[in-house]
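These notes are about the structure you will find just below.
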Amino acid sequence: MRTDRASIEYEGIYEVPEAAGYLRVSMKLTTPLNVTSAKLIYWIRRGLTLPELVEVPGRELLIAFEDLISMRVIAALRAAGVSFKKIYQAEEWLRRVTGHPRPFATQLLWTERSDIFIELQRKLIAASRSGQYAMEILQEYLIPVHGLTFDKTGVANTWEPYEGILLDPLIQFGAPCIKGTRIPTRSIWGMVKAGDPTELVATSYGIEEEEVRKAVEWEDALLMQ
């Protein structure tokens, strides 16, 4: 059941409550942060995701994978203690520099709990200070945003919110899947909750029993919020 990246591109699309749930479960592994749907909508209305989403009515609001990643980065920064002022300053500067409408989904960022940094041309830059150069000695104190991978253009292309669980917009429309497969965690969870033994489920899908357990843990965590 293992697979390479799909040849046909499908965009991951998420409802706001769904995205908030993924973020809450992921954040529990690091610093707890109360990521609610209302908080995500506030970030969207303030223009911290795709600018075109600012005016979309709540009942019609859907976000793409890159918007989800942008909010994952914002949540990590907020959990680390970075102020909204610094987040806005960094986002504005990064939009100008990268030319991308979702800059928090295009670069690997770090923070030392006050400013936001990025590495450009092998130089450490403070994005929240309009591109000021930073002392390299700071690198050993910086906190990375874990679980993200980037394609050759620097855009986030996968997110591992939970050990062994991967979101890839090119696989199953971005639904959480067992890492390295096209198997949605929801399918695994459904079989186990229906009474199928873990060993049987693993054999049926050609995966390890530990992968089945991780999928069930992830889905249970989503339900228990």
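A note on labels: chains of the structure tokens are A, B, ... as shown, every chain counts residues from 1, and ligands are counted from 1 in their shown order.
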Original post:
Counting only C-alpha atoms, what is within 7 Å of range 207-210 of chain A, bar same-chain residues fewer than 5 positions away, as a PyMOL selection string?
Top reply: chain A and resi 198-199+202
**OP:** Show which residues sit within 10 Å of Glu163 in chain A, as a list in words. Count only C-alpha atoms, and ignore same-chain residues fewer than 6 positions away.
**Re:**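 Once the nearby chain positions are removed, what remains is Ser26, Leu29, Gly147, Ile178, Lys179, Glu211, Lys214, Ala215 and Trp218 of chain A.
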Mind checking DSSP for range 23-203 of chain A and telling me the strand (DSSP E) residues as a PDB file with C-alpha atoms, in the first residue's frame?
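The new file out.pdb reads:
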```
ATOM      1  CA  LEU A  62     -13.150  26.925   3.356  1.00  0.00           C
ATOM      2  CA  ILE A  63      -9.373  26.995   3.621  1.00  0.00           C
ATOM      3  CA  ALA A  64      -6.677  25.385   1.500  1.00  0.00           C
ATOM      4  CA  TRP A 110      12.276  30.232  13.769  1.00  0.00           C
ATOM      5  CA  THR A 111      11.638  32.281  16.869  1.00  0.00           C
ATOM      6  CA  ILE A 116      10.592  35.842  13.901  1.00  0.00           C
ATOM      7  CA  PHE A 117      13.608  34.777  11.856  1.00  0.00           C
ATOM      8  CA  ILE A 118      14.261  33.310   8.443  1.00  0.00           C
ATOM      9  CA  GLU A 119      17.449  32.233   6.680  1.00  0.00           C
ATOM     10  CA  LEU A 120      17.994  33.943   3.321  1.00  0.00           C
ATOM     11  CA  LYS A 123      22.106  34.921   6.461  1.00  0.00           C
ATOM     12  CA  LEU A 124      19.835  34.969   9.513  1.00  0.00           C
ATOM     13  CA  ILE A 125      17.186  37.663   8.986  1.00  0.00           C
ATOM     14  CA  ALA A 126      14.661  39.083  11.460  1.00  0.00           C
ATOM     15  CA  GLN A 132      17.325  43.275   9.775  1.00  0.00           C
ATOM     16  CA  TYR A 133      20.335  40.981   9.910  1.00  0.00           C
ATOM     17  CA  ILE A 143      12.804  27.300  18.142  1.00  0.00           C
ATOM     18  CA  PRO A 144      11.893  25.651  14.806  1.00  0.00           C
ATOM     19  CA  LEU A 148       6.660  20.592   7.994  1.00  0.00           C
ATOM     20  CA  THR A 149       8.387  19.701   4.730  1.00  0.00           C
ATOM     21  CA  PHE A 150       8.885  22.050   1.764  1.00  0.00           C
ATOM     22  CA  ALA A 156       5.066  23.679   2.415  1.00  0.00           C
ATOM     23  CA  ASN A 157       3.887  20.417   0.854  1.00  0.00           C
ATOM     24  CA  THR A 158       3.261  18.094   3.822  1.00  0.00           C
ATOM     25  CA  TRP A 159       2.553  18.340   7.533  1.00  0.00           C
ATOM     26  CA  GLU A 160       2.986  15.595  10.134  1.00  0.00           C
ATOM     27  CA  PRO A 161       0.718  16.785  12.985  1.00  0.00           C
ATOM     28  CA  TYR A 162       1.066  13.521  14.913  1.00  0.00           C
ATOM     29  CA  ILE A 165       0.187  10.721  10.534  1.00  0.00           C
ATOM     30  CA  LEU A 166       0.639  12.907   7.453  1.00  0.00           C
ATOM     31  CA  LEU A 167      -1.419  15.543   5.668  1.00  0.00           C
ATOM     32  CA  CYS A 177      -3.345   9.445   6.286  1.00  0.00           C
ATOM     33  CA  ILE A 178      -0.882   6.936   7.644  1.00  0.00           C
TER      34      ILE A 178
END
```
**OP:** Enter the distance from CA of Thr185 in chain A to CA of Met71 in chain A, in Å, rounded to one decimal.
**Re:** 22.1 Å
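With CA of Glu18 in chain A on one side and CA of Ser37 in chain A on the other, the separation reads 8.5 Å.
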**OP:** Using only C-alpha atoms, determine which residues lie at most 6 Å from Trp189 in chain A, disregarding the query and same-chain residues fewer than 3 positions distant; provide the list as a list of chain:residue names.
**Re:**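 Final neighbour list, sorted by chain and number: A:Arg186, A:Val192, A:Val216.
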Create the file for the chosen residues now, containing N, CA, C and O atoms and written as a short mmCIF file (atom, residue, chain, number, x, y, z; two decimals), in the first residue's frame.
```
data_model
loop_
_atom_site.label_atom_id
_atom_site.label_comp_id
_atom_site.auth_asym_id
_atom_site.auth_seq_id
_atom_site.Cartn_x
_atom_site.Cartn_y
_atom_site.Cartn_z
N ARG A 186 -9.18 7.84 9.23
CA ARG A 186 -10.60 7.63 9.54
C ARG A 186 -11.04 6.22 9.16
O ARG A 186 -11.85 5.60 9.87
N VAL A 192 -11.48 -0.50 13.36
CA VAL A 192 -11.15 -0.91 14.73
C VAL A 192 -12.35 -0.71 15.65
O VAL A 192 -12.68 -1.58 16.47
N VAL A 216 -5.54 5.21 15.23
CA VAL A 216 -6.65 5.21 16.18
C VAL A 216 -6.43 6.27 17.26
O VAL A 216 -7.36 6.99 17.65
#
```
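Using only C-alpha atoms, the smallest distance between any of A:Val56, A:Val25, A:Val145, A:Leu170 and Ile74 in chain A comes from A:Val145.
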**OP:** Compile the contact shell of Glu55 in chain A as an NGL selection string: residues with an atom at most 12 Å away, counting only C-alpha atoms, same-chain residues fewer than 3 positions apart removed.
**Re:** :A and (41-42 or 44-47 or 49-52 or 58-61)
Using the selection just defined, write its residues with N, CA, C and O atoms as a short mmCIF file (atom, residue, chain, number, x, y, z; two decimals), in the first residue's frame.
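The resulting file, again.cif, is reproduced below:
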```cif
data_model
loop_
_atom_site.label_atom_id
_atom_site.label_comp_id
_atom_site.auth_asym_id
_atom_site.auth_seq_id
_atom_site.Cartn_x
_atom_site.Cartn_y
_atom_site.Cartn_z
N ILE A 41 -10.87 32.03 12.64
CA ILE A 41 -11.62 33.00 11.83
C ILE A 41 -11.10 34.41 12.07
O ILE A 41 -10.98 35.21 11.15
N TYR A 42 -10.72 34.71 13.32
CA TYR A 42 -10.14 36.02 13.63
C TYR A 42 -8.84 36.22 12.86
O TYR A 42 -8.62 37.29 12.27
N ILE A 44 -8.00 34.79 10.08
CA ILE A 44 -8.36 34.92 8.67
C ILE A 44 -8.86 36.33 8.38
O ILE A 44 -8.47 36.97 7.39
N ARG A 45 -9.74 36.85 9.25
CA ARG A 45 -10.30 38.19 9.04
C ARG A 45 -9.22 39.28 9.14
O ARG A 45 -9.36 40.36 8.56
N ARG A 46 -8.15 39.00 9.86
CA ARG A 46 -7.06 39.97 9.97
C ARG A 46 -6.07 39.85 8.81
O ARG A 46 -5.07 40.54 8.78
N GLY A 47 -6.36 38.94 7.87
CA GLY A 47 -5.53 38.84 6.67
C GLY A 47 -4.27 38.02 6.82
O GLY A 47 -3.35 38.15 6.01
N THR A 49 -4.01 34.81 6.42
CA THR A 49 -3.98 33.70 5.47
C THR A 49 -4.15 34.30 4.08
O THR A 49 -3.72 35.42 3.85
N LEU A 50 -4.77 33.59 3.16
CA LEU A 50 -4.99 34.14 1.83
C LEU A 50 -5.84 35.40 1.93
O LEU A 50 -6.94 35.37 2.48
N PRO A 51 -5.37 36.54 1.42
CA PRO A 51 -6.11 37.80 1.57
C PRO A 51 -7.55 37.74 1.07
O PRO A 51 -8.43 38.39 1.63
N GLU A 52 -7.80 36.94 0.03
CA GLU A 52 -9.15 36.85 -0.54
C GLU A 52 -10.16 36.26 0.43
O GLU A 52 -11.37 36.39 0.24
N GLY A 58 -18.83 33.41 6.77
CA GLY A 58 -18.45 32.29 7.59
C GLY A 58 -19.00 30.96 7.12
O GLY A 58 -18.31 29.94 7.14
N ARG A 59 -20.25 30.95 6.66
CA ARG A 59 -20.88 29.69 6.23
C ARG A 59 -20.27 29.16 4.94
O ARG A 59 -20.45 27.98 4.60
N GLU A 60 -19.55 30.01 4.22
CA GLU A 60 -18.92 29.60 2.96
C GLU A 60 -17.41 29.45 3.10
O GLU A 60 -16.73 29.14 2.11
N LEU A 61 -16.89 29.65 4.28
CA LEU A 61 -15.44 29.72 4.48
C LEU A 61 -14.80 28.34 4.46
O LEU A 61 -15.06 27.50 5.32
#
```
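Ranking A:Gly190, A:Ala75, A:Leu48, A:Ala175 by their shortest atom-to-atom distance to Glu91 in chain A, with only C-alpha atoms included, puts A:Leu48 first.
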**OP:** Could you check how far CA of Pro57 in chain A sits from CA of Gly174 in chain A, in Å to one decimal?
**Re:**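 For CA of Pro57 in chain A relative to CA of Gly174 in chain A, the distance reads 23.0 Å.
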Original post:
Using only C-alpha atoms, which residue out of A:Ala90, A:Val73, A:Ile171, A:Ile137 lies closest to Asp115 in chain A?
Top reply: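 Nearest to Asp115 in chain A: A:Ala90.
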Original post:
Using only C-alpha atoms, which residues sit within 9 Å of Ala76 in chain A once same-chain residues fewer than 2 positions away are excluded, as a list in words?
Top reply: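 In the requested format, the answer is Met27, Thr30, Thr31, Leu33, Met71, Arg72, Val73, Ile74, Arg78, Ala79, Ala80, Gly81, Val82 and Val145 of chain A.
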Next, dump the selected residues to file, keeping only N, CA, C and O atoms, as an mmCIF file, in the first residue's frame.
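The result, stored in again_36.cif:
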```cif
data_model
loop_
_atom_site.group_PDB
_atom_site.id
_atom_site.type_symbol
_atom_site.label_atom_id
_atom_site.label_comp_id
_atom_site.auth_asym_id
_atom_site.auth_seq_id
_atom_site.Cartn_x
_atom_site.Cartn_y
_atom_site.Cartn_z
ATOM 1 N N MET A 27 -0.866 20.696 18.700
ATOM 2 C CA MET A 27 -0.252 21.580 19.689
ATOM 3 C C MET A 27 -0.112 20.914 21.047
ATOM 4 O O MET A 27 0.747 21.281 21.849
ATOM 5 N N THR A 30 3.316 19.807 21.957
ATOM 6 C CA THR A 30 4.356 20.789 22.281
ATOM 7 C C THR A 30 3.848 21.671 23.419
ATOM 8 O O THR A 30 3.852 21.259 24.559
ATOM 9 N N THR A 31 3.444 22.886 23.098
ATOM 10 C CA THR A 31 2.903 23.799 24.098
ATOM 11 C C THR A 31 1.399 23.911 23.916
ATOM 12 O O THR A 31 0.945 24.258 22.834
ATOM 13 N N LEU A 33 -2.177 25.146 23.428
ATOM 14 C CA LEU A 33 -2.729 26.419 22.988
ATOM 15 C C LEU A 33 -4.183 26.182 22.620
ATOM 16 O O LEU A 33 -4.497 25.234 21.901
ATOM 17 N N MET A 71 -1.721 28.881 9.499
ATOM 18 C CA MET A 71 -2.265 28.961 10.848
ATOM 19 C C MET A 71 -1.519 28.049 11.812
ATOM 20 O O MET A 71 -1.431 28.336 13.009
ATOM 21 N N ARG A 72 -0.955 26.960 11.291
ATOM 22 C CA ARG A 72 -0.096 26.111 12.137
ATOM 23 C C ARG A 72 1.129 26.904 12.594
ATOM 24 O O ARG A 72 1.513 26.840 13.758
ATOM 25 N N VAL A 73 1.724 27.647 11.685
ATOM 26 C CA VAL A 73 2.893 28.452 12.023
ATOM 27 C C VAL A 73 2.510 29.571 12.996
ATOM 28 O O VAL A 73 3.212 29.818 13.985
ATOM 29 N N ILE A 74 1.390 30.246 12.736
ATOM 30 C CA ILE A 74 0.937 31.314 13.632
ATOM 31 C C ILE A 74 0.668 30.764 15.027
ATOM 32 O O ILE A 74 1.050 31.370 16.044
ATOM 33 N N ARG A 78 2.472 31.941 18.419
ATOM 34 C CA ARG A 78 1.713 32.437 19.569
ATOM 35 C C ARG A 78 2.003 31.612 20.818
ATOM 36 O O ARG A 78 2.144 32.156 21.914
ATOM 37 N N ALA A 79 2.116 30.298 20.652
ATOM 38 C CA ALA A 79 2.422 29.423 21.788
ATOM 39 C C ALA A 79 3.801 29.719 22.360
ATOM 40 O O ALA A 79 4.034 29.552 23.563
ATOM 41 N N ALA A 80 4.705 30.167 21.497
ATOM 42 C CA ALA A 80 6.059 30.513 21.947
ATOM 43 C C ALA A 80 6.118 31.892 22.578
ATOM 44 O O ALA A 80 7.153 32.286 23.112
ATOM 45 N N GLY A 81 5.008 32.647 22.520
ATOM 46 C CA GLY A 81 4.966 33.954 23.161
ATOM 47 C C GLY A 81 5.180 35.136 22.242
ATOM 48 O O GLY A 81 5.317 36.272 22.703
ATOM 49 N N VAL A 82 5.217 34.903 20.924
ATOM 50 C CA VAL A 82 5.424 35.999 19.982
ATOM 51 C C VAL A 82 4.156 36.841 19.888
ATOM 52 O O VAL A 82 3.045 36.307 19.785
ATOM 53 N N VAL A 145 9.713 25.401 13.784
ATOM 54 C CA VAL A 145 8.348 24.905 13.685
ATOM 55 C C VAL A 145 8.435 23.501 13.091
ATOM 56 O O VAL A 145 8.735 23.329 11.919
#
```
**OP:** Within range 126-213 of chain A, find each residue whose DSSP state, derived from the backbone, is helix (DSSP H, G or I), and express the selection as a VMD selection string.
**Re:** chain A and resid 127 to 129 136 to 141 172 to 174 185 to 193 198 to 205 209 to 213
Original post:
Looking at only C-alpha atoms, which of A:Met135, A:Ala127, A:Ile69, A:Leu53 is the one that sits closest to Lys86 in chain A?
Top reply: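 For Lys86 in chain A, the nearest of the candidates is A:Ala127.
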